Every structure is written in structure tokens, then in C-alpha cells.
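Visitor: Attaching a single structure in C-alpha cells format; questions to follow.
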Amino acid sequence: MFNKLFGKFSKDVGIDLGTATTLVYVKEKGIIINEPSVVAVNQKTGQVLAIGVEAKRMIGRTPAHITATRPLKEGVISDFEVTEQMLRYFIHKIHKDSFSLFPRPRIIIGIPSEITEVEKKAVKDAALSAGAREVYLVEEAMAAAIGARLPVQEAVGNMIVDIGGGTTDIAVISLGGIVASQTLKIAGDKLNQDIINYAHDELKIVLGERTAEDLKITIGSAYELDEILETTVRGRDLTTGLPKEITVNSDQIREALYASNESIITAIKETIEQTPPELISDLMNRGLVLVGGGSMLRGIDKLIKEKTKVPVKIIDDPLTAVARGAGIILEDLDKLRSVLVQMDYGEVPK
Ligand SMILES: Nc1ncnc2c1ncn2[C@@H]1O[C@H](COP(=O)(O)OP(=O)(O)OP(=O)(O)O)[C@@H](O)[C@H]1O
Ligand SMILES: [Mg+2]
């Protein structure tokens with residue numbers, strides 16, 4: 001009764017707890033937080049020094065006792081306490097900005113598909129203790145498909161491929177459920193590492209993680225480009241140990257990324273193989289939808305289409321699909337309740 005009354009005044013919130021980025025969607029306002037999932041901790045005192053944008057700036061630039069870490073790695077929660085603090089920080093931040101006069105919000109959180117029951121409960125508890133009135137969980141692939149406005153509840157096959165920072169989540173969804181899926185720990189972070197390794201082995205230069213990511217975004221590609229792109233980067237010369245600037249081109253970066261892109265293609269093919277035949281014809285007709293930051297790599301859509309024979313669509317705003325999907329679920333909870341994650345410890349969302 002009271003919850004119903006509160007519901008009229010409180011705002012609903014959708015959160016995409018991503019490996020690289022955390023996004024917060026507030027009903028009627030849209031995405032209001034978009035910050036790196038990074039936390040800087042003083043190891044001597046255990047004190048959290050910075051979260052989000054500010055903490056990311058510290059990566060690779062901190063003294064030894066301060067670590068700027070990413071509490072989610074490869075799509076799983078590697079440091080639970082820090083994840084909880086990060087979640088709490090973001091929830092408090094929206095609370096401060098928009099909820100001060102309102103009762104506590106209902107929150108829906110997109111979670112990686114491979115997290116354990118204990119972690120699910122902990123994510124939920126963290127959100128509750130950070131001020132949520134009700135908390136629901138949804139698998140990121142499902143939220144992404146809903147955010148991409150795919151008809152997930154109809155009896156048709158919908159394929160979604162979310163290339164994020166830590167994982168590539170591939171899922172075929174029909175009638176509100178995931179019928180075939182695969183999660184691959186090869187995504188944006190791995191591509192950055194591929195570039196670091198290539199630079200080390202082939203160009204004899206040591207690059208930082210952020211430089212590698214910049215290279216990927218400015219000249220990276222998965223498919224041969226019409227025009228070769230070129231840029232200069234700075235790193236440390238492997239032989240002299242001194243700073244060095246070199247010119248790198250898009251063919252070199254594509255070569256560096258080749259094996260990882262092939263792995264993504266293989267996983268998509270395997271997921272198609274697991275898909276019931278009736279749904280495969282839907283995939284051929286409707287195509288697969290690419291979301292996540294990795295979908296912005298030049299030519300990745302072309303490569304997937306060529307290798308899998310399935311048409312590929314990239315949506316307009318691929319980075320926010322999960323958060324928007326979570327928001328859409330909350331706006332129509334009665335209709336979409338069946339897509340939520342059911343918790344194993346006996347509690348079914350009301
Ligand atoms: N233009 C671009 N080209 C290639 N990669 C890009 C581009 N823009 C962003 N990325 C990459 O996208 C990744 C982040 O994507 P996204 O925000 O979808 O991940 P996430 O949701 O935080 O991670 P996950 O879903 O794995 O938990 C980063 O690795 C980033 O380097
Ligand atoms: Mg994601």
C-alpha cells in the first residue's frame with residue numbers, strides 16, 4: 001500500500017553495471033550518469049579516494065600505494081566490496097541530484113550473465129543498502145535487446161551481440177527468454193591488450209593501456225578500409241628505455257586485432273549452431289543487432305556479415321542500450337516482469 005503510494009512520487013532507475021562504464025538511466029530524464037567503472041583506493045588505509053571519471057584519470061599515474069582499479073573484470077565482479085561502494089556512490093549521486101524530495105527509487109540493474117547467486121544477492125543488497133526501495137536484476141543481453149527495441153516477447157528469434165569492455169555477450173532471445181547464448185571474455189579490453197602486445201613484439205615500443213585504446217578508436221578496424229588511416233603514438237622504446245614517437249597505420253592495428261575478431265566470429269557462429277532451426281530463418285530475415293562500445297570498431301559489422309551470412313544492424317546509440325532497456329522494463333514492469341532474473345534463494349520479485 002505504502003509502496004504504491006511512494007511509487008507515484010519516486011523515480012525509477014535503470015543501471016548498467018558495465019566492466020568499462022556504468023550508466024544510470026532515470027525515468028523521464030534519460031541517461032544521467034555515464035562514468036568509467038573505476039575506483040581509486042589508498043591501499044595503506046583502504047580509503048576510497050575517487051570513483052568514476054576522476055578515478056580513471058588516475059590509472060597508470062598513481063604512486064604505488066594508490067591503485068585505480070576496475071572492480072569488474074571480464075564481465076565478473078572481481079572485487080565485491082569496491083563494486084558495492086561504487087554502486088552506492090552512483091546511487092547517492094542521483095539521489096542527491098533528483099531524489100532529495102522523493103521517496104526511495106525502484107532500481108533495475110543489468111548484470112553479467114555469468115555472475116553467481118551469491119554475487120547476485122550481493123548486488124541486490126548493495127542497491128538496497130544504498131537506498132533502493134525495490135531492486136530487480138536483468139541479464140545484460142536481455143536488457144540490451146529491449147533497449148534496441150527488439151520484440152523479445154514475441155515468438156520470433158532475436159539475436160543480440162553486445163561487444164563491451166570485458167565480455168562479448170551473444171544471445172538469441174524468443175518469447176521473453178534466452179534460447180541460446182555464449183559469453184566470451186574477448187571484447188574491448190582484450191583488443192587494447194592485443195595492441196599493446198603487437199606494439200611490443202612488432203614495433204618494439206611499450207604502450208600504456210589508454211594509448212592502446214586511443215589507437216583502437218582512432219584508426220582501428222576489423223575489415224579492410226577504403227583508405228588507410230595513420231596516426232602517431234608515444235611510448236617507451238623497448239631497446240633504449242627512452243621515450244619514442246612512431247607512426248602506426250590502420251593495417252597494422254587490424255593485424256593486431258585479427259585473432260580476437262576471429263574469436264568473436266567463431267562464438268557468433270557457435271551460437272547460431274545452437275539455435276533451433278525455426279528461429280534461424282528469423283535471424284536470416286531480421287539480422288543480428290550489434291550493441292556495446294565494441295560495435296563501433298570500424299568494419300566489425302561488415303566482417304560479421306561476411307563470415308556468418310547473417311545481416312547485421314548497429315543501433316544508433318550502442319553504448320546505452322542496456323541502461324535504456326532496463327529503464328523500459330521499469331516503465332512497463334507488469335508486461336515485462338517475465339524477463340527479469342529470478343533469484344534462486346526463494347525470492348521471486350513481486
Ligand atoms: N569507437 C570505438 N571503436 C572501438 N571500440 C570502442 C569505441 N568506442 C568505445 N570502444 C570500446 O568499447 C568498450 C566499452 O564498451 P561498453 O561501454 O559497451 O562496455 P561495458 O558495458 O562497460 O562492458 P561489459 O558489457 O563487458 O561489462 C571499451 O573497450 C572501449 O574501448
Ligand atoms: Mg555492457
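Naming scheme: A, B, ... for chains in displayed order of the C-alpha cells; residues 1 onward per chain; ligands 1 onward as shown.
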Please report, as a list in words, each residue of range 181-267 of chain A to which DSSP assigns strand (DSSP E) when run on this structure's backbone.

Guide: Ser181, Gln182, Thr183, Leu184, Ile205, Val206, Glu230, Thr231, Thr232, Val233, Arg234, Gly235, Arg236, Asp237, Pro243, Lys244, Glu245, Ile246, Thr247, Val248 and Asn249 of chain A

Visitor: What does the file look like for those residues with C-alpha atoms, as a PDB file, in the first residue's frame?

Guide:
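File produced: selection38.pdb:
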ATOM      1  CA  SER A 181      23.834 -17.806 -25.655  1.00  0.00           C
ATOM      2  CA  GLN A 182      27.525 -17.512 -25.201  1.00  0.00           C
ATOM      3  CA  THR A 183      29.711 -15.162 -23.190  1.00  0.00           C
ATOM      4  CA  LEU A 184      33.227 -14.590 -24.361  1.00  0.00           C
ATOM      5  CA  ILE A 205      57.622   0.015 -28.220  1.00  0.00           C
ATOM      6  CA  VAL A 206      55.859  -0.164 -24.858  1.00  0.00           C
ATOM      7  CA  GLU A 230      47.562   6.764 -39.872  1.00  0.00           C
ATOM      8  CA  THR A 231      48.493   8.327 -36.572  1.00  0.00           C
ATOM      9  CA  THR A 232      51.477   8.860 -34.288  1.00  0.00           C
ATOM     10  CA  VAL A 233      51.845   7.400 -30.801  1.00  0.00           C
ATOM     11  CA  ARG A 234      54.260   7.829 -27.973  1.00  0.00           C
ATOM     12  CA  GLY A 235      55.618   5.088 -25.783  1.00  0.00           C
ATOM     13  CA  ARG A 236      58.850   3.741 -24.385  1.00  0.00           C
ATOM     14  CA  ASP A 237      61.441   2.327 -26.748  1.00  0.00           C
ATOM     15  CA  PRO A 243      60.516   7.893 -24.939  1.00  0.00           C
ATOM     16  CA  LYS A 244      59.829   7.388 -28.612  1.00  0.00           C
ATOM     17  CA  GLU A 245      57.241   8.536 -31.126  1.00  0.00           C
ATOM     18  CA  ILE A 246      56.247   6.333 -34.038  1.00  0.00           C
ATOM     19  CA  THR A 247      53.715   6.311 -36.856  1.00  0.00           C
ATOM     20  CA  VAL A 248      51.178   3.485 -36.906  1.00  0.00           C
ATOM     21  CA  ASN A 249      48.596   2.683 -39.578  1.00  0.00           C
TER      22      ASN A 249
END

Visitor: Could you give me, as a PyMOL selection string, every polymer residue with an atom at most 8 Å away from an atom of ligand 2, counting only C-alpha atoms and all ligand atoms?

Guide: chain A and resi 16-21+140+162-167+292-293+319+322

Visitor: What residues of the protein or nucleic acid chains come within 9 Å of ligand 1 when you use only C-alpha atoms and all ligand atoms? Reply as a PyMOL selection string.

Guide: chain A and resi 16-23+36-37+72-76+111-112+140-141+162-169+185-192+210+212-214+216-221+291-298+318-322

Visitor: Neighbours of Arg106 in chain A within 6 Å (only C-alpha atoms; same-chain residues fewer than 4 positions away dropped), as a PyMOL selection string?

Guide: chain A and resi 12+132-134

Visitor: Using the selection just defined, write its residues with C-alpha atoms as an mmCIF file, in the first residue's frame.

Guide:
data_model
loop_
_atom_site.group_PDB
_atom_site.id
_atom_site.type_symbol
_atom_site.label_atom_id
_atom_site.label_comp_id
_atom_site.auth_asym_id
_atom_site.auth_seq_id
_atom_site.Cartn_x
_atom_site.Cartn_y
_atom_site.Cartn_z
ATOM 1 C CA ASP A 12 12.614 4.611 -11.405
ATOM 2 C CA ALA A 132 16.663 1.493 -3.288
ATOM 3 C CA ARG A 133 13.086 0.658 -2.380
ATOM 4 C CA GLU A 134 12.910 -2.372 -4.675
#

Visitor: Extract the full set of alpha helix (DSSP H) residues from range 99-213 of chain A according to DSSP on the backbone, and format it as a ChimeraX atom specification.

Guide: /A:117-129,140-147,188-202,209-213
